[in-house]
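Peer 1: If you scroll down you'll find the structure; I have some questions about it.
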Protein chains: 2
Amino acid sequence: LHRIKASGLKLRFCTNETQATREKFVKKLQGMGFDISVAEVPAPAPAACRILKERSLRPHLLVHNDLVPEFAEIDKANPNCVVIGDAAENFTYANLNEAFRVLIGMEKPVLISLGRGRYYKETDGLKLDVGAYMKALEYACDVEAEVVGKPAKMFFESALAEMGVPPQQAIMIGDDIVNDVGGAQRCGMRALQVRTGKYRPCDENHPHVKPDAYVNNLAEAVDVILRQL
Amino acid sequence: LHRIKASGLKLRFCTNETQATREKFVKKLQGMGFDISVAEVPAPAPAACRILKERSLRPHLLVHNDLVPEFAEIDKANPNCVVIGDAAENFTYANLNEAFRVLIGMEKPVLISLGRGRYYKETDGLKLDVGAYMKALEYACDVEAEVVGKPAKMFFESALAEMGVPPQQAIMIGDDIVNDVGGAQRCGMRALQVRTGKYRPCDENHPHVKPDAYVNNLAEAVDVILRQL
């Protein structure tokens, strides 16, 4: 990261994290020694807030308690849409029924989902991710959710707009073949896949997505990028 | 019902009820004065038990507590499939994650769903039905559930086989345009829709399903049937 920042290249950290505010998330990374600030972190919750404001939507929130502060400035009275994130322990039978009732009660139900992940791993095992609960509500209400966060085109476009950089001049580095690489490429960026983190060897035979190049780790990605300047 | 039974016609009560054993369900109807016995009630749980036995499947159950006795004789050790019903209060975050982990841990995940309903109404409001949770697990594990109960063809066929009646000689009476009427017709039966219960006027413009006739209530359905003998 220091080498990229020293080069003068513009940089954003695009995350799909919805279990905590960016403040909390960034503090954790700073604690690990990363040079990173909240303003450099495009995330689903602030992206959703922009949409809510633009379209005068008042959300009923089904999200993680730690994410609620991201919606502090949003009017939530008399809701006319549902926003679902990875609510974890908040995915109770009662909360799911409540979100469903709000949604089905609308003349034209609007469901905004902070991601479409299937599942993820925690120390105590695999957990269903927001995408599974999104599918449940989609089916029950016969609607299609609007997904914010990676791999949504608008999510990448909004990060690019913030930097004032056209997609052809930007490059994505990520470990997720679909959400990072596929998403970035679909909006005209190039994308490197790192062979760390979520990467699995079978990604290299993915039926739809092919990265512009593979790198073994983030440092190698930086080498490749700086070499081309 | 008395008039049908007196006529000598064979009769079955096809239900998608999965919140109670047939014993409990039948006792309730008997208490209301209906001449009905457990052996006359094809239901999703016993249909699932037949499948489990035939295919040597050992289920992990995510069902309502009151339905568990229906699976008393089924081996549930070291599960190699998941059976999901309308588990109601048992649809907790922990139980959903557990069912998901059992399923994703299989080489070829087998998910059997006791229905595909979207939602239903109780005195305290609308509730998500088993179909929504089925969709969540389907998405997370990238599988398609095998649905037992109405409108599955096999469900009607098995009821007909029990009676020894070919579909052409059978008639379905139901209030649900898709699950009752559509399901029965797809297996070659005729079907009457009663204009009571779940019936809604817009059913008469359903894009795919058209009953062989409408009747205002069950008594009128019996009139129509007996008249044709």
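In the structure tokens, chains take the letters A, B, ... in the order shown, each chain's residues start at 1, and ligands count up from 1 in the order shown.
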What lies within 7 Å of stretch 48-55 of chain A using only C-alpha atoms, ignoring chain neighbours under 4 positions off, as a VMD selection string?
Peer 2: chain A and resid 44 71 148
Peer 1: Each residue of stretch 77-125 of chain A with at least one atom at most 9 Å from stretch 150-169 of chain A should appear once, together with its nearest atom pair and the corresponding distance in Å (one decimal); atoms considered: only C-alpha atoms; ordering: chain, then increasing residue number; output as CSV.
Peer 2:
residue,atom,partner,partner_atom,distance
A:Leu114,CA,A:Lys150,CA,8.9
A:Gly115,CA,A:Lys150,CA,6.8
A:Arg116,CA,A:Lys150,CA,8.5
Peer 1: Tell me, as a list in words, which residues lie within 9 Å of B:Arg101, counting only C-alpha atoms; anything in the same chain fewer than 5 positions away does not count.
Peer 2: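 The residues that qualify are Gly125, Leu126, Lys127 and Leu128 of chain A; Leu96 and Met106 of chain B.
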Peer 1: Here is a test: counting only C-alpha atoms, which residue of B:Gly131, B:Pro201, B:Gly85, B:Pro109 is nearest to chain A?
Peer 2: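 Ranked by minimum distance to chain A, first place goes to B:Gly131.
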Peer 1: Could you superpose chain A on chain B by least squares over every Cα, matched in sequence order, and send it back as a PDB file with C-alpha atoms, in the first residue's frame?
Peer 2:
ATOM      1  CA  LEU A   1     -68.793 -35.418   3.084  1.00  0.00           C
ATOM      2  CA  HIS A   2     -71.593 -37.714   4.301  1.00  0.00           C
ATOM      3  CA  ARG A   3     -73.254 -37.558   0.875  1.00  0.00           C
ATOM      4  CA  ILE A   4     -69.989 -38.454  -0.915  1.00  0.00           C
ATOM      5  CA  LYS A   5     -69.237 -41.311   1.447  1.00  0.00           C
ATOM      6  CA  ALA A   6     -72.836 -42.590   1.193  1.00  0.00           C
ATOM      7  CA  SER A   7     -72.521 -42.622  -2.616  1.00  0.00           C
ATOM      8  CA  GLY A   8     -69.709 -45.181  -2.404  1.00  0.00           C
ATOM      9  CA  LEU A   9     -67.146 -42.864  -4.052  1.00  0.00           C
ATOM     10  CA  LYS A  10     -63.606 -43.179  -2.772  1.00  0.00           C
ATOM     11  CA  LEU A  11     -62.309 -40.124  -0.964  1.00  0.00           C
ATOM     12  CA  ARG A  12     -58.998 -38.662   0.215  1.00  0.00           C
ATOM     13  CA  PHE A  13     -58.258 -35.381   1.978  1.00  0.00           C
ATOM     14  CA  CYS A  14     -55.011 -34.067   0.468  1.00  0.00           C
ATOM     15  CA  THR A  15     -53.358 -31.518   2.754  1.00  0.00           C
ATOM     16  CA  ASN A  16     -50.088 -29.600   2.792  1.00  0.00           C
ATOM     17  CA  GLU A  17     -50.265 -29.248   6.574  1.00  0.00           C
ATOM     18  CA  THR A  18     -46.801 -29.660   8.124  1.00  0.00           C
ATOM     19  CA  GLN A  19     -47.202 -27.960  11.475  1.00  0.00           C
ATOM     20  CA  ALA A  20     -48.739 -30.993  13.151  1.00  0.00           C
ATOM     21  CA  THR A  21     -49.006 -34.764  12.846  1.00  0.00           C
ATOM     22  CA  ARG A  22     -51.985 -36.086  10.932  1.00  0.00           C
ATOM     23  CA  GLU A  23     -53.275 -37.540  14.219  1.00  0.00           C
ATOM     24  CA  LYS A  24     -53.514 -34.084  15.727  1.00  0.00           C
ATOM     25  CA  PHE A  25     -54.889 -32.520  12.575  1.00  0.00           C
ATOM     26  CA  VAL A  26     -57.545 -35.215  12.117  1.00  0.00           C
ATOM     27  CA  LYS A  27     -58.593 -35.005  15.778  1.00  0.00           C
ATOM     28  CA  LYS A  28     -59.211 -31.294  15.308  1.00  0.00           C
ATOM     29  CA  LEU A  29     -61.414 -31.924  12.271  1.00  0.00           C
ATOM     30  CA  GLN A  30     -63.254 -34.758  14.020  1.00  0.00           C
ATOM     31  CA  GLY A  31     -63.923 -32.333  16.867  1.00  0.00           C
ATOM     32  CA  MET A  32     -65.516 -30.012  14.330  1.00  0.00           C
ATOM     33  CA  GLY A  33     -67.820 -32.860  13.295  1.00  0.00           C
ATOM     34  CA  PHE A  34     -66.061 -34.158  10.182  1.00  0.00           C
ATOM     35  CA  ASP A  35     -66.151 -37.889   9.420  1.00  0.00           C
ATOM     36  CA  ILE A  36     -62.438 -38.325   8.696  1.00  0.00           C
ATOM     37  CA  SER A  37     -59.640 -40.742   9.646  1.00  0.00           C
ATOM     38  CA  VAL A  38     -55.837 -40.555   9.492  1.00  0.00           C
ATOM     39  CA  ALA A  39     -55.693 -43.173   6.727  1.00  0.00           C
ATOM     40  CA  GLU A  40     -57.716 -40.849   4.495  1.00  0.00           C
ATOM     41  CA  VAL A  41     -55.210 -37.969   4.752  1.00  0.00           C
ATOM     42  CA  PRO A  42     -52.300 -37.886   2.287  1.00  0.00           C
ATOM     43  CA  ALA A  43     -49.849 -35.293   3.682  1.00  0.00           C
ATOM     44  CA  PRO A  44     -46.287 -34.188   2.890  1.00  0.00           C
ATOM     45  CA  ALA A  45     -44.598 -35.813   5.909  1.00  0.00           C
ATOM     46  CA  PRO A  46     -45.703 -39.413   5.225  1.00  0.00           C
ATOM     47  CA  ALA A  47     -44.978 -38.828   1.521  1.00  0.00           C
ATOM     48  CA  ALA A  48     -41.460 -37.735   2.462  1.00  0.00           C
ATOM     49  CA  CYS A  49     -41.062 -40.799   4.706  1.00  0.00           C
ATOM     50  CA  ARG A  50     -41.839 -43.071   1.751  1.00  0.00           C
ATOM     51  CA  ILE A  51     -39.138 -41.326  -0.316  1.00  0.00           C
ATOM     52  CA  LEU A  52     -36.616 -41.504   2.544  1.00  0.00           C
ATOM     53  CA  LYS A  53     -37.189 -45.247   2.948  1.00  0.00           C
ATOM     54  CA  GLU A  54     -37.105 -45.982  -0.792  1.00  0.00           C
ATOM     55  CA  ARG A  55     -33.827 -44.139  -1.286  1.00  0.00           C
ATOM     56  CA  SER A  56     -32.161 -45.037   2.054  1.00  0.00           C
ATOM     57  CA  LEU A  57     -32.001 -41.364   3.007  1.00  0.00           C
ATOM     58  CA  ARG A  58     -31.356 -40.342   6.610  1.00  0.00           C
ATOM     59  CA  PRO A  59     -32.745 -36.862   7.174  1.00  0.00           C
ATOM     60  CA  HIS A  60     -31.554 -33.917   9.166  1.00  0.00           C
ATOM     61  CA  LEU A  61     -34.965 -32.438  10.097  1.00  0.00           C
ATOM     62  CA  LEU A  62     -35.762 -28.731  10.054  1.00  0.00           C
ATOM     63  CA  VAL A  63     -39.465 -29.001  10.838  1.00  0.00           C
ATOM     64  CA  HIS A  64     -42.068 -27.963  13.403  1.00  0.00           C
ATOM     65  CA  ASN A  65     -41.696 -29.763  16.758  1.00  0.00           C
ATOM     66  CA  ASP A  66     -45.241 -31.097  16.401  1.00  0.00           C
ATOM     67  CA  LEU A  67     -44.345 -32.800  13.119  1.00  0.00           C
ATOM     68  CA  VAL A  68     -41.353 -34.742  14.431  1.00  0.00           C
ATOM     69  CA  PRO A  69     -43.424 -37.812  15.486  1.00  0.00           C
ATOM     70  CA  GLU A  70     -44.281 -38.437  11.794  1.00  0.00           C
ATOM     71  CA  PHE A  71     -40.583 -39.306  11.328  1.00  0.00           C
ATOM     72  CA  ALA A  72     -40.371 -41.559  14.401  1.00  0.00           C
ATOM     73  CA  GLU A  73     -39.520 -44.698  12.413  1.00  0.00           C
ATOM     74  CA  ILE A  74     -36.931 -43.047  10.190  1.00  0.00           C
ATOM     75  CA  ASP A  75     -33.207 -43.478  10.842  1.00  0.00           C
ATOM     76  CA  LYS A  76     -31.785 -39.995  11.400  1.00  0.00           C
ATOM     77  CA  ALA A  77     -28.208 -40.872  12.387  1.00  0.00           C
ATOM     78  CA  ASN A  78     -25.380 -39.507  10.229  1.00  0.00           C
ATOM     79  CA  PRO A  79     -27.746 -37.600   7.900  1.00  0.00           C
ATOM     80  CA  ASN A  80     -27.368 -37.681   4.106  1.00  0.00           C
ATOM     81  CA  CYS A  81     -30.214 -35.287   3.287  1.00  0.00           C
ATOM     82  CA  VAL A  82     -32.108 -32.339   4.755  1.00  0.00           C
ATOM     83  CA  VAL A  83     -35.907 -32.299   5.126  1.00  0.00           C
ATOM     84  CA  ILE A  84     -37.425 -28.853   5.569  1.00  0.00           C
ATOM     85  CA  GLY A  85     -41.035 -28.151   6.535  1.00  0.00           C
ATOM     86  CA  ASP A  86     -42.828 -25.121   7.904  1.00  0.00           C
ATOM     87  CA  ALA A  87     -40.715 -25.063  11.049  1.00  0.00           C
ATOM     88  CA  ALA A  88     -42.188 -21.745  12.284  1.00  0.00           C
ATOM     89  CA  GLU A  89     -40.410 -20.780  15.547  1.00  0.00           C
ATOM     90  CA  ASN A  90     -37.789 -23.417  14.736  1.00  0.00           C
ATOM     91  CA  PHE A  91     -36.607 -21.227  11.838  1.00  0.00           C
ATOM     92  CA  THR A  92     -33.882 -19.700  13.995  1.00  0.00           C
ATOM     93  CA  TYR A  93     -30.569 -18.336  12.722  1.00  0.00           C
ATOM     94  CA  ALA A  94     -28.776 -21.238  14.427  1.00  0.00           C
ATOM     95  CA  ASN A  95     -31.103 -23.923  12.999  1.00  0.00           C
ATOM     96  CA  LEU A  96     -30.904 -22.484   9.476  1.00  0.00           C
ATOM     97  CA  ASN A  97     -27.107 -22.400   9.635  1.00  0.00           C
ATOM     98  CA  GLU A  98     -27.061 -25.959  10.946  1.00  0.00           C
ATOM     99  CA  ALA A  99     -29.295 -27.271   8.140  1.00  0.00           C
ATOM    100  CA  PHE A 100     -27.149 -25.354   5.652  1.00  0.00           C
ATOM    101  CA  ARG A 101     -23.920 -26.854   7.015  1.00  0.00           C
ATOM    102  CA  VAL A 102     -25.306 -30.387   6.826  1.00  0.00           C
ATOM    103  CA  LEU A 103     -26.378 -29.752   3.225  1.00  0.00           C
ATOM    104  CA  ILE A 104     -23.205 -28.042   1.984  1.00  0.00           C
ATOM    105  CA  GLY A 105     -21.127 -30.787   3.589  1.00  0.00           C
ATOM    106  CA  MET A 106     -22.636 -33.438   1.279  1.00  0.00           C
ATOM    107  CA  GLU A 107     -20.923 -34.483  -1.906  1.00  0.00           C
ATOM    108  CA  LYS A 108     -24.282 -34.151  -3.693  1.00  0.00           C
ATOM    109  CA  PRO A 109     -26.675 -32.179  -1.473  1.00  0.00           C
ATOM    110  CA  VAL A 110     -30.238 -33.570  -1.247  1.00  0.00           C
ATOM    111  CA  LEU A 111     -32.897 -31.144  -0.022  1.00  0.00           C
ATOM    112  CA  ILE A 112     -36.487 -32.340   0.409  1.00  0.00           C
ATOM    113  CA  SER A 113     -39.083 -29.641   1.035  1.00  0.00           C
ATOM    114  CA  LEU A 114     -42.540 -30.340   2.475  1.00  0.00           C
ATOM    115  CA  GLY A 115     -44.211 -27.754   0.247  1.00  0.00           C
ATOM    116  CA  ARG A 116     -43.262 -24.602  -1.623  1.00  0.00           C
ATOM    117  CA  GLY A 117     -45.700 -22.072  -0.093  1.00  0.00           C
ATOM    118  CA  ARG A 118     -44.632 -18.429  -0.045  1.00  0.00           C
ATOM    119  CA  TYR A 119     -46.520 -17.232   3.031  1.00  0.00           C
ATOM    120  CA  TYR A 120     -49.722 -17.703   5.005  1.00  0.00           C
ATOM    121  CA  LYS A 121     -51.868 -15.756   7.386  1.00  0.00           C
ATOM    122  CA  GLU A 122     -52.206 -16.356  11.110  1.00  0.00           C
ATOM    123  CA  THR A 123     -54.192 -14.423  13.676  1.00  0.00           C
ATOM    124  CA  ASP A 124     -51.114 -12.322  14.481  1.00  0.00           C
ATOM    125  CA  GLY A 125     -50.297 -11.576  10.839  1.00  0.00           C
ATOM    126  CA  LEU A 126     -48.579 -12.922   7.727  1.00  0.00           C
ATOM    127  CA  LYS A 127     -45.762 -15.455   8.125  1.00  0.00           C
ATOM    128  CA  LEU A 128     -43.086 -16.632   5.705  1.00  0.00           C
ATOM    129  CA  ASP A 129     -43.853 -20.200   4.632  1.00  0.00           C
ATOM    130  CA  VAL A 130     -41.464 -23.092   3.988  1.00  0.00           C
ATOM    131  CA  GLY A 131     -40.930 -22.100   0.336  1.00  0.00           C
ATOM    132  CA  ALA A 132     -39.035 -18.964   1.323  1.00  0.00           C
ATOM    133  CA  TYR A 133     -36.598 -20.888   3.530  1.00  0.00           C
ATOM    134  CA  MET A 134     -36.311 -23.577   0.864  1.00  0.00           C
ATOM    135  CA  LYS A 135     -35.208 -20.857  -1.601  1.00  0.00           C
ATOM    136  CA  ALA A 136     -32.595 -19.605   0.869  1.00  0.00           C
ATOM    137  CA  LEU A 137     -31.035 -23.072   1.186  1.00  0.00           C
ATOM    138  CA  GLU A 138     -31.335 -23.724  -2.556  1.00  0.00           C
ATOM    139  CA  TYR A 139     -29.419 -20.531  -3.311  1.00  0.00           C
ATOM    140  CA  ALA A 140     -26.765 -21.037  -0.650  1.00  0.00           C
ATOM    141  CA  CYS A 141     -26.019 -24.621  -1.749  1.00  0.00           C
ATOM    142  CA  ASP A 142     -26.761 -24.227  -5.460  1.00  0.00           C
ATOM    143  CA  VAL A 143     -29.241 -27.124  -5.400  1.00  0.00           C
ATOM    144  CA  GLU A 144     -32.865 -27.603  -6.378  1.00  0.00           C
ATOM    145  CA  ALA A 145     -35.157 -28.937  -3.666  1.00  0.00           C
ATOM    146  CA  GLU A 146     -37.405 -31.922  -4.269  1.00  0.00           C
ATOM    147  CA  VAL A 147     -40.845 -30.734  -3.236  1.00  0.00           C
ATOM    148  CA  VAL A 148     -43.325 -33.193  -1.774  1.00  0.00           C
ATOM    149  CA  GLY A 149     -46.947 -32.301  -1.108  1.00  0.00           C
ATOM    150  CA  LYS A 150     -49.242 -30.408  -3.456  1.00  0.00           C
ATOM    151  CA  PRO A 151     -48.748 -29.476  -6.310  1.00  0.00           C
ATOM    152  CA  ALA A 152     -46.146 -32.228  -6.874  1.00  0.00           C
ATOM    153  CA  LYS A 153     -47.368 -34.777  -9.392  1.00  0.00           C
ATOM    154  CA  MET A 154     -46.066 -37.673  -7.329  1.00  0.00           C
ATOM    155  CA  PHE A 155     -48.131 -36.561  -4.341  1.00  0.00           C
ATOM    156  CA  PHE A 156     -51.406 -36.837  -6.263  1.00  0.00           C
ATOM    157  CA  GLU A 157     -50.313 -40.034  -8.002  1.00  0.00           C
ATOM    158  CA  SER A 158     -49.569 -41.682  -4.705  1.00  0.00           C
ATOM    159  CA  ALA A 159     -53.033 -40.750  -3.331  1.00  0.00           C
ATOM    160  CA  LEU A 160     -54.634 -42.178  -6.491  1.00  0.00           C
ATOM    161  CA  ALA A 161     -52.569 -45.367  -6.228  1.00  0.00           C
ATOM    162  CA  GLU A 162     -53.696 -45.841  -2.635  1.00  0.00           C
ATOM    163  CA  MET A 163     -57.319 -45.704  -3.792  1.00  0.00           C
ATOM    164  CA  GLY A 164     -56.657 -47.780  -6.908  1.00  0.00           C
ATOM    165  CA  VAL A 165     -58.250 -45.119  -9.104  1.00  0.00           C
ATOM    166  CA  PRO A 166     -56.871 -43.828 -12.443  1.00  0.00           C
ATOM    167  CA  PRO A 167     -56.562 -40.020 -12.698  1.00  0.00           C
ATOM    168  CA  GLN A 168     -59.239 -39.794 -15.421  1.00  0.00           C
ATOM    169  CA  GLN A 169     -61.780 -41.171 -12.941  1.00  0.00           C
ATOM    170  CA  ALA A 170     -60.820 -38.824 -10.113  1.00  0.00           C
ATOM    171  CA  ILE A 171     -61.757 -35.260  -9.360  1.00  0.00           C
ATOM    172  CA  MET A 172     -60.043 -32.737  -7.100  1.00  0.00           C
ATOM    173  CA  ILE A 173     -61.963 -30.144  -5.113  1.00  0.00           C
ATOM    174  CA  GLY A 174     -59.824 -27.321  -3.784  1.00  0.00           C
ATOM    175  CA  ASP A 175     -59.577 -23.620  -3.029  1.00  0.00           C
ATOM    176  CA  ASP A 176     -55.971 -23.138  -4.175  1.00  0.00           C
ATOM    177  CA  ILE A 177     -55.710 -22.457  -7.902  1.00  0.00           C
ATOM    178  CA  VAL A 178     -52.069 -23.552  -8.234  1.00  0.00           C
ATOM    179  CA  ASN A 179     -51.537 -26.222  -5.570  1.00  0.00           C
ATOM    180  CA  ASP A 180     -54.942 -27.933  -5.746  1.00  0.00           C
ATOM    181  CA  VAL A 181     -56.344 -27.276  -9.212  1.00  0.00           C
ATOM    182  CA  GLY A 182     -53.129 -26.941 -11.236  1.00  0.00           C
ATOM    183  CA  GLY A 183     -51.413 -29.840  -9.483  1.00  0.00           C
ATOM    184  CA  ALA A 184     -54.332 -32.235  -9.958  1.00  0.00           C
ATOM    185  CA  GLN A 185     -54.821 -31.305 -13.605  1.00  0.00           C
ATOM    186  CA  ARG A 186     -51.147 -31.816 -14.381  1.00  0.00           C
ATOM    187  CA  CYS A 187     -51.489 -35.436 -13.345  1.00  0.00           C
ATOM    188  CA  GLY A 188     -54.570 -35.988 -15.500  1.00  0.00           C
ATOM    189  CA  MET A 189     -57.374 -35.369 -13.003  1.00  0.00           C
ATOM    190  CA  ARG A 190     -60.221 -32.930 -13.387  1.00  0.00           C
ATOM    191  CA  ALA A 191     -60.442 -30.186 -10.763  1.00  0.00           C
ATOM    192  CA  LEU A 192     -63.121 -27.925  -9.315  1.00  0.00           C
ATOM    193  CA  GLN A 193     -62.228 -24.681  -7.590  1.00  0.00           C
ATOM    194  CA  VAL A 194     -64.451 -23.679  -4.688  1.00  0.00           C
ATOM    195  CA  ARG A 195     -65.077 -19.977  -4.244  1.00  0.00           C
ATOM    196  CA  THR A 196     -64.295 -20.189  -0.513  1.00  0.00           C
ATOM    197  CA  GLY A 197     -61.176 -20.146   1.672  1.00  0.00           C
ATOM    198  CA  LYS A 198     -58.070 -19.093  -0.239  1.00  0.00           C
ATOM    199  CA  TYR A 199     -60.052 -18.385  -3.424  1.00  0.00           C
ATOM    200  CA  ARG A 200     -59.675 -14.848  -4.782  1.00  0.00           C
ATOM    201  CA  PRO A 201     -61.668 -13.425  -7.731  1.00  0.00           C
ATOM    202  CA  CYS A 202     -58.404 -12.790  -9.632  1.00  0.00           C
ATOM    203  CA  ASP A 203     -57.849 -16.582  -9.667  1.00  0.00           C
ATOM    204  CA  GLU A 204     -60.408 -16.685 -12.486  1.00  0.00           C
ATOM    205  CA  ASN A 205     -57.888 -14.831 -14.693  1.00  0.00           C
ATOM    206  CA  HIS A 206     -54.939 -17.039 -13.749  1.00  0.00           C
ATOM    207  CA  PRO A 207     -52.397 -17.037 -16.618  1.00  0.00           C
ATOM    208  CA  HIS A 208     -51.734 -20.801 -16.549  1.00  0.00           C
ATOM    209  CA  VAL A 209     -54.443 -22.670 -14.651  1.00  0.00           C
ATOM    210  CA  LYS A 210     -58.128 -22.992 -15.524  1.00  0.00           C
ATOM    211  CA  PRO A 211     -60.345 -25.230 -13.367  1.00  0.00           C
ATOM    212  CA  ASP A 212     -62.775 -27.573 -15.112  1.00  0.00           C
ATOM    213  CA  ALA A 213     -65.505 -25.701 -13.249  1.00  0.00           C
ATOM    214  CA  TYR A 214     -66.111 -23.275 -10.396  1.00  0.00           C
ATOM    215  CA  VAL A 215     -68.477 -24.004  -7.520  1.00  0.00           C
ATOM    216  CA  ASN A 216     -69.553 -21.659  -4.748  1.00  0.00           C
ATOM    217  CA  ASN A 217     -68.822 -24.118  -1.956  1.00  0.00           C
ATOM    218  CA  LEU A 218     -68.177 -27.747  -1.079  1.00  0.00           C
ATOM    219  CA  ALA A 219     -71.899 -28.671  -1.028  1.00  0.00           C
ATOM    220  CA  GLU A 220     -72.271 -27.398  -4.598  1.00  0.00           C
ATOM    221  CA  ALA A 221     -69.192 -29.405  -5.614  1.00  0.00           C
ATOM    222  CA  VAL A 222     -70.857 -32.531  -4.257  1.00  0.00           C
ATOM    223  CA  ASP A 223     -74.063 -31.711  -6.193  1.00  0.00           C
ATOM    224  CA  VAL A 224     -72.071 -31.410  -9.430  1.00  0.00           C
ATOM    225  CA  ILE A 225     -70.221 -34.676  -8.845  1.00  0.00           C
ATOM    226  CA  LEU A 226     -73.201 -36.789  -7.747  1.00  0.00           C
ATOM    227  CA  ARG A 227     -75.271 -35.490 -10.680  1.00  0.00           C
ATOM    228  CA  GLN A 228     -72.721 -36.980 -13.093  1.00  0.00           C
ATOM    229  CA  LEU A 229     -72.707 -40.489 -11.609  1.00  0.00           C
TER     230      LEU A 229
END
Peer 1: I need the strand (DSSP E) residues of stretch 3-175 of chain B per DSSP on the backbone, written as a PyMOL selection string.
Peer 2: chain B and resi 59-62+81-84+111-113+119-122+125-128+146-147+171-174
Peer 1: Let's have the selection written as a short mmCIF file (atom, residue, chain, number, x, y, z; two decimals), in the first residue's frame, with N, CA, C and O atoms.
Peer 2:
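This is the output file out.cif:
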data_model
loop_
_atom_site.label_atom_id
_atom_site.label_comp_id
_atom_site.auth_asym_id
_atom_site.auth_seq_id
_atom_site.Cartn_x
_atom_site.Cartn_y
_atom_site.Cartn_z
N PRO B 59 -32.55 -38.33 7.20
CA PRO B 59 -32.73 -36.87 7.18
C PRO B 59 -32.17 -36.12 8.40
O PRO B 59 -32.22 -36.62 9.52
N HIS B 60 -31.65 -34.94 8.13
CA HIS B 60 -31.56 -33.91 9.17
C HIS B 60 -32.86 -33.13 9.06
O HIS B 60 -33.17 -32.60 7.99
N LEU B 61 -33.63 -33.05 10.14
CA LEU B 61 -34.96 -32.44 10.09
C LEU B 61 -34.92 -30.97 10.50
O LEU B 61 -34.39 -30.62 11.55
N LEU B 62 -35.49 -30.11 9.65
CA LEU B 62 -35.76 -28.73 10.05
C LEU B 62 -37.27 -28.54 9.89
O LEU B 62 -37.75 -28.09 8.84
N CYS B 81 -29.29 -36.23 3.97
CA CYS B 81 -30.19 -35.29 3.30
C CYS B 81 -30.78 -34.34 4.34
O CYS B 81 -30.66 -34.59 5.55
N VAL B 82 -31.40 -33.26 3.86
CA VAL B 82 -32.10 -32.34 4.76
C VAL B 82 -33.56 -32.30 4.36
O VAL B 82 -33.88 -32.21 3.18
N VAL B 83 -34.45 -32.43 5.35
CA VAL B 83 -35.89 -32.29 5.12
C VAL B 83 -36.35 -31.01 5.81
O VAL B 83 -36.15 -30.84 7.01
N ILE B 84 -36.95 -30.13 5.03
CA ILE B 84 -37.41 -28.85 5.57
C ILE B 84 -38.93 -28.76 5.45
O ILE B 84 -39.50 -29.10 4.41
N LEU B 111 -31.96 -31.95 -0.83
CA LEU B 111 -32.87 -31.13 -0.02
C LEU B 111 -34.30 -31.51 -0.39
O LEU B 111 -34.70 -31.42 -1.55
N ILE B 112 -35.05 -31.97 0.60
CA ILE B 112 -36.46 -32.33 0.39
C ILE B 112 -37.32 -31.33 1.14
O ILE B 112 -37.13 -31.12 2.34
N SER B 113 -38.24 -30.68 0.42
CA SER B 113 -39.06 -29.64 1.03
C SER B 113 -40.52 -30.06 1.08
O SER B 113 -41.09 -30.50 0.08
N TYR B 119 -46.14 -17.78 1.71
CA TYR B 119 -46.51 -17.24 3.02
C TYR B 119 -47.93 -17.62 3.33
O TYR B 119 -48.67 -18.12 2.47
N TYR B 120 -48.31 -17.42 4.57
CA TYR B 120 -49.69 -17.70 4.98
C TYR B 120 -50.08 -16.72 6.08
O TYR B 120 -49.22 -16.02 6.62
N LYS B 121 -51.36 -16.71 6.39
CA LYS B 121 -51.87 -15.75 7.35
C LYS B 121 -52.21 -16.44 8.66
O LYS B 121 -52.84 -17.50 8.65
N GLU B 122 -51.75 -15.88 9.78
CA GLU B 122 -52.20 -16.36 11.08
C GLU B 122 -52.88 -15.19 11.79
O GLU B 122 -52.85 -14.06 11.31
N GLY B 125 -50.87 -12.16 12.04
CA GLY B 125 -50.30 -11.56 10.83
C GLY B 125 -49.72 -12.58 9.86
O GLY B 125 -49.77 -13.78 10.10
N LEU B 126 -49.17 -12.05 8.75
CA LEU B 126 -48.59 -12.91 7.72
C LEU B 126 -47.26 -13.51 8.20
O LEU B 126 -46.51 -12.87 8.93
N LYS B 127 -47.00 -14.75 7.78
CA LYS B 127 -45.76 -15.45 8.12
C LYS B 127 -45.13 -16.01 6.85
O LYS B 127 -45.85 -16.50 5.98
N LEU B 128 -43.80 -15.97 6.80
CA LEU B 128 -43.08 -16.63 5.71
C LEU B 128 -43.32 -18.14 5.79
O LEU B 128 -43.24 -18.73 6.86
N GLU B 146 -36.30 -31.03 -3.83
CA GLU B 146 -37.37 -31.91 -4.28
C GLU B 146 -38.57 -31.60 -3.39
O GLU B 146 -38.50 -31.76 -2.19
N VAL B 147 -39.65 -31.14 -4.02
CA VAL B 147 -40.81 -30.72 -3.24
C VAL B 147 -41.82 -31.85 -3.15
O VAL B 147 -42.22 -32.40 -4.18
N ILE B 171 -61.57 -36.69 -9.28
CA ILE B 171 -61.78 -35.25 -9.36
C ILE B 171 -61.29 -34.59 -8.06
O ILE B 171 -61.48 -35.12 -6.97
N MET B 172 -60.60 -33.49 -8.24
CA MET B 172 -60.05 -32.75 -7.11
C MET B 172 -60.98 -31.58 -6.81
O MET B 172 -61.43 -30.89 -7.72
N ILE B 173 -61.25 -31.36 -5.54
CA ILE B 173 -61.98 -30.15 -5.11
C ILE B 173 -61.02 -29.35 -4.23
O ILE B 173 -60.52 -29.88 -3.24
N GLY B 174 -60.77 -28.11 -4.60
CA GLY B 174 -59.83 -27.34 -3.79
C GLY B 174 -60.05 -25.85 -3.91
O GLY B 174 -60.74 -25.38 -4.82
#
Peer 1: Using DSSP assignments from the backbone, pull out every residue in stretch 50-202 of chain A that falls under helix (DSSP H, G or I) and give it to me as a PyMOL selection string.
Peer 2: chain A and resi 50-54+65-71+88-90+93-104+130-141+153-163+167-169+177-186+201-202
